[in-house]
Amino acid sequence: MAVEAPPRPVMAFEDWYEEYKIDPRDGCLDVRNIGPQGNRLWHQFTRYKSEMDQRVADYYKLEKLADGAVISPKPDLPNISSGETAGLVRRIARNLVQNTPNVEVLSNYDDDSTPGIFSRYILTSKIIGSDEYSNDMQQNLFSSTKTALTLGFDTVIPVLLQDAAGGWYMKYDTIHYRDVFPEPGAKDVRQATQVFVRRYLTRGEVHALIADETAGWDVAALKAMLKESPYGRARESVDYQNHKFGIVPEGYEIVTWYSSSGQPFLTFCPSTKYLLRIEKNKHPLKLHPVHFLVLEKDSQQPLGKSQVELLIGRQDFQDLMLNGAMKLWYRNINPSILGYGAANAIPNLSPGKYTQISNPNARIEPFEVNTQTLMQFSSISQQNLGSMVNLIGSADQQMATQAGGGMSATPQGVEAQQAMVDITTNNYQKAIESFFSHYCSYALTTDFQEMKAVKKVEPSADARVKLLSAGLDTEAFNEDGTLDMDFEDMAGEYWVRVVPGSLVEMEDEKQLRILNQLFIPLSQAMPALASSGDQEMIQQAAKAMQYIVKKQIELSGSSSSYDIGLAFSGDVEKLDERDRKISELEGRVNNEEAGMTQLMELNSTALAQLQEQMTMLRETQQVLMEKLGVNSTTSGGQSPENEAPSSTPSAPPSSLIAASA
């Protein structure tokens, strides 16, 4: 039997269709039939989507849990959620993500070399955070952690964007879980070699792509898309908050196929099946950019294990308890009125209703509802919450108290609490650190791959100070403050290692705490060492204390820590030499800027003089033409028909052209 040949990859837009045609009237794509490559990818997308839709069909219940909504509303109850699960998810996420992790760049370059320092600067300023907003990545990790705790996974794609000033930065782009369709055969979603991702473009974004003629996009196909008005998103693509308020955003549906096979990433429109974009996979290992944050791997299915799935039953019970108690309390606040001894009276037991009594000797009393469950509501609710905390794990001191396992306020209790938190959160922290490491490694590698054409960069004044503080030699900068950096030479593989434990405690803070713990007993032992008379031991202890103080200065976080460290060690000459080099560099940059400013002023003055000379020349030419009797438009805007005729005969037009030339 003949073996079927693998499908030919789509390298150009013409490969997607049987015949590629553009309507000459409006420049829109005019194609009737899709080729075999396009049909194959379309059927593959529908198969992936069907499998993923079946897996996450009931995940809306988990969304309700995290949003503090009632899972199963009752028609005769207030249907107000107690919100324990939503509070637990937020509290655990805050305990896990307290800082943006510290990172180390591993590459072919030394950390102290110019490429090594510059690559770390790109990572910390353009990928992990921007120059102005350093807290963005911490908020992104916090949001992804909440989603992963709720659903079991979160999908993130690093996207390279350009700001209005022309600078490039990496965006942390999260994808809704119903818009991600990984390969069905993958045992772990993080190892899926093929993934379809669904997005939506607004009408304004499509117009911007056409106007800018963005590389990789088919302008004719985008114009054809604009022939139809944007429609509402698919129901499953609408996030829970918008769905709760009945809001369905509009947009054009597009689907992107990502693969680790090395073939280009393809973006097409499901409604028309037009191919919209061909994006080359520039990663050296041909990895796709779709990253999944999974806090707990599930060996039974490719998606991660949800942490709040175990709480569905108890949260439903907690909501039922609260709503039932609220209903009974409402009846007791506004009770029914009963009359005893009434003749021929039918009592109305509705809240606040009065029953007419004809017997004057009748007794009237409110009808109160008191049950054993209502009286023990507080204890039952507390015990149920404790069971929920024990099920989900990762308890802090407050959560442990609610679960009935609170620690004492003694030093031993505090240490036991810290150990408990470390043990229960260690697994989640390692998963977040691993995800962040893969994300940063891919983003940094692709950033240099995309910027191969850049040969020179011009850092801002603040960026220049950061590079110099990181150890970059002042001689690396040019006279105008630019930095010669060939990105093509730096376009290699980069691995970013996350410092363990830096999610909850920054590495500098950890090292500073350890040094302080060493310094205190060492300083307390100095009087005993002095009384012993052992000079060698005293000198060694003094050197150790001096080293600890120096490291504390370096780890203090002060912008002048390097200068203070040099001054403390007595190396004042080296400090002065460093300050002199930085001053010379800033002086050269300032002189270059002043020279450029002066040159621009001279050019502006010369241009103004040239314009004045041109005006004088034009007026002189006008006078000469009037003397020669040539009809011409005057400087006041009068037409030749309105001018008085001249008695001087006019010269031939050819001579006028030669004279004016």
# chains A, B, ... in the order shown; residues from 1 in each chain; ligands from 1
call {"tool": "select_by_dssp", "arguments": {"residues": "stretch 41-195 of chain A", "states": "alpha helix (DSSP H)", "output": "JSON, numbers by chain"}}
result
{"A": [41, 42, 43, 44, 45, 46, 47, 48, 49, 50, 51, 52, 53, 54, 55, 60, 61, 62, 63, 64, 65, 66, 67, 84, 85, 86, 87, 88, 89, 90, 91, 92, 93, 94, 95, 96, 114, 115, 116, 117, 118, 119, 120, 121, 122, 136, 137, 138, 139, 140, 141, 142, 143, 144, 145, 146, 147, 148, 149, 150, 151]}
call {"tool": "select_by_dssp", "arguments": {"residues": "stretch 92-189 of chain A", "states": "strand (DSSP E)", "output": "PyMOL selection string"}}
result
chain A and resi 103-106+154-162+168-175+180-182
call {"tool": "closest_residue", "arguments": {"among": "A:Gln241, A:Thr124, A:Asn39, A:Thr267", "to": "A:Val103", "atoms": "only C-alpha atoms"}}
result
A:Thr124
call {"tool": "closest_atom_pairs", "arguments": {"of": "stretch 233-318 of chain A", "to": "stretch 437-444 of chain A", "cutoff": "12 Å", "atoms": "only C-alpha atoms", "output": "Markdown table"}}
result
| residue | atom | partner | partner_atom | distance |
| --- | --- | --- | --- | --- |
| A:Asn281 | CA | A:Tyr442 | CA | 11.9 |
| A:Lys282 | CA | A:Tyr442 | CA | 10.7 |
| A:His283 | CA | A:Tyr442 | CA | 7.8 |
| A:Pro284 | CA | A:Tyr442 | CA | 9.9 |
| A:Leu285 | CA | A:Tyr442 | CA | 9.9 |
| A:Lys286 | CA | A:Tyr442 | CA | 10.5 |
| A:Leu287 | CA | A:Tyr442 | CA | 8.3 |
| A:His288 | CA | A:Tyr442 | CA | 8.9 |
| A:Pro289 | CA | A:Tyr442 | CA | 7.2 |
| A:Val290 | CA | A:Tyr439 | CA | 9.1 |
| A:His291 | CA | A:Tyr439 | CA | 6.8 |
| A:Phe292 | CA | A:Tyr439 | CA | 9.3 |
| A:Leu293 | CA | A:Tyr439 | CA | 9.8 |
call {"tool": "atom_distance", "arguments": {"atom1": "atom CA of A:Gly304", "atom2": "atom CA of A:Ala57"}}
result
15.2 Å
call {"tool": "closest_residue", "arguments": {"among": "A:Thr597, A:Ala542, A:Phe448, A:Leu328", "to": "A:Pro78", "atoms": "only C-alpha atoms"}}
result
A:Leu328
call {"tool": "closest_residue", "arguments": {"among": "A:Thr100, A:Ser378, A:Ile117, A:Ile127", "to": "A:Gln139", "atoms": "only C-alpha atoms"}}
result
A:Thr100
call {"tool": "residues_around", "arguments": {"residues": "A:Glu205", "least_positions_apart": "5", "cutoff": "12 Å", "atoms": "only C-alpha atoms", "output": "ChimeraX atom specification"}}
result
/A:200,210-214,222,225-226,230,251-252
call {"tool": "atom_distance", "arguments": {"atom1": "atom CA of A:Val89", "atom2": "atom CA of A:Val308"}}
result
7.9 Å
call {"tool": "residues_around", "arguments": {"residues": "A:Ser119", "least_positions_apart": "3", "cutoff": "8 Å", "atoms": "only C-alpha atoms", "output": "PDB file with C-alpha atoms, in the first residue's frame"}}
result
ATOM      1  CA  VAL A 105      20.347  34.868  32.169  1.00  0.00           C
ATOM      2  CA  PRO A 115      26.224  41.413  25.478  1.00  0.00           C
ATOM      3  CA  GLY A 116      25.568  39.711  28.817  1.00  0.00           C
ATOM      4  CA  ILE A 122      16.415  43.742  27.816  1.00  0.00           C
ATOM      5  CA  LEU A 123      14.961  40.943  29.948  1.00  0.00           C
ATOM      6  CA  LEU A 444      14.157  36.845  25.275  1.00  0.00           C
TER       7      LEU A 444
END
call {"tool": "closest_atom_pairs", "arguments": {"of": "stretch 91-193 of chain A", "to": "stretch 473-488 of chain A", "cutoff": "10 Å", "atoms": "only C-alpha atoms", "output": "tab-separated table"}}
result
residue	atom	partner	partner_atom	distance
A:Asp112	CA	A:Asp473	CA	9.7
A:Ser113	CA	A:Asp473	CA	9.0
A:Thr114	CA	A:Asp473	CA	7.8
A:Pro115	CA	A:Met485	CA	8.0
A:Phe118	CA	A:Met485	CA	8.9
call {"tool": "write_last_selection", "arguments": {"atoms": "N, CA, C and O atoms", "output": "PDB file, in the first residue's frame"}}
result
ATOM      1  N   ASP A 112      29.408  39.507  32.783  1.00  0.00           N
ATOM      2  CA  ASP A 112      30.056  40.808  32.900  1.00  0.00           C
ATOM      3  C   ASP A 112      30.394  41.425  31.549  1.00  0.00           C
ATOM      4  O   ASP A 112      30.869  42.570  31.501  1.00  0.00           O
ATOM      5  N   SER A 113      30.169  40.696  30.459  1.00  0.00           N
ATOM      6  CA  SER A 113      30.463  41.237  29.140  1.00  0.00           C
ATOM      7  C   SER A 113      29.342  42.172  28.697  1.00  0.00           C
ATOM      8  O   SER A 113      28.247  42.189  29.266  1.00  0.00           O
ATOM      9  N   THR A 114      29.640  42.954  27.653  1.00  0.00           N
ATOM     10  CA  THR A 114      28.633  43.897  27.157  1.00  0.00           C
ATOM     11  C   THR A 114      27.374  43.192  26.665  1.00  0.00           C
ATOM     12  O   THR A 114      26.259  43.601  27.020  1.00  0.00           O
ATOM     13  N   PRO A 115      27.463  42.110  25.867  1.00  0.00           N
ATOM     14  CA  PRO A 115      26.224  41.413  25.478  1.00  0.00           C
ATOM     15  C   PRO A 115      25.479  40.812  26.664  1.00  0.00           C
ATOM     16  O   PRO A 115      24.248  40.803  26.689  1.00  0.00           O
ATOM     17  N   PHE A 118      23.718  43.654  28.497  1.00  0.00           N
ATOM     18  CA  PHE A 118      22.628  44.197  27.684  1.00  0.00           C
ATOM     19  C   PHE A 118      21.460  43.214  27.599  1.00  0.00           C
ATOM     20  O   PHE A 118      20.292  43.626  27.624  1.00  0.00           O
TER      21      PHE A 118
END
call {"tool": "closest_residue", "arguments": {"among": "A:Leu266, A:Val499, A:Leu374, A:Ala66", "to": "A:Gly216", "atoms": "only C-alpha atoms"}}
result
A:Leu266
call {"tool": "closest_residue", "arguments": {"among": "A:Gly87, A:Gly129, A:Pro264, A:Gly27", "to": "A:Lys223", "atoms": "only C-alpha atoms"}}
result
A:Gly27
call {"tool": "residues_around", "arguments": {"residues": "A:Val197", "least_positions_apart": "3", "cutoff": "8 Å", "atoms": "only C-alpha atoms", "output": "NGL selection string"}}
result
:A and (175 or 179-181 or 255-258)
call {"tool": "residues_around", "arguments": {"residues": "A:Tyr48", "least_positions_apart": "3", "cutoff": "12 Å", "atoms": "only C-alpha atoms", "output": "JSON, numbers by chain"}}
result
{"A": [41, 42, 43, 44, 45, 51, 52, 53, 54, 55, 178, 179, 180, 181, 182, 183, 184, 185, 186, 192, 194, 195, 196, 197, 198, 257]}
call {"tool": "closest_residue", "arguments": {"among": "A:Phe377, A:Phe436, A:Tyr274, A:Tyr428", "to": "A:Asp319", "atoms": "only C-alpha atoms"}}
result
A:Phe377
call {"tool": "atom_distance", "arguments": {"atom1": "atom CA of A:Gly68", "atom2": "atom CA of A:Ile92"}}
result
15.5 Å
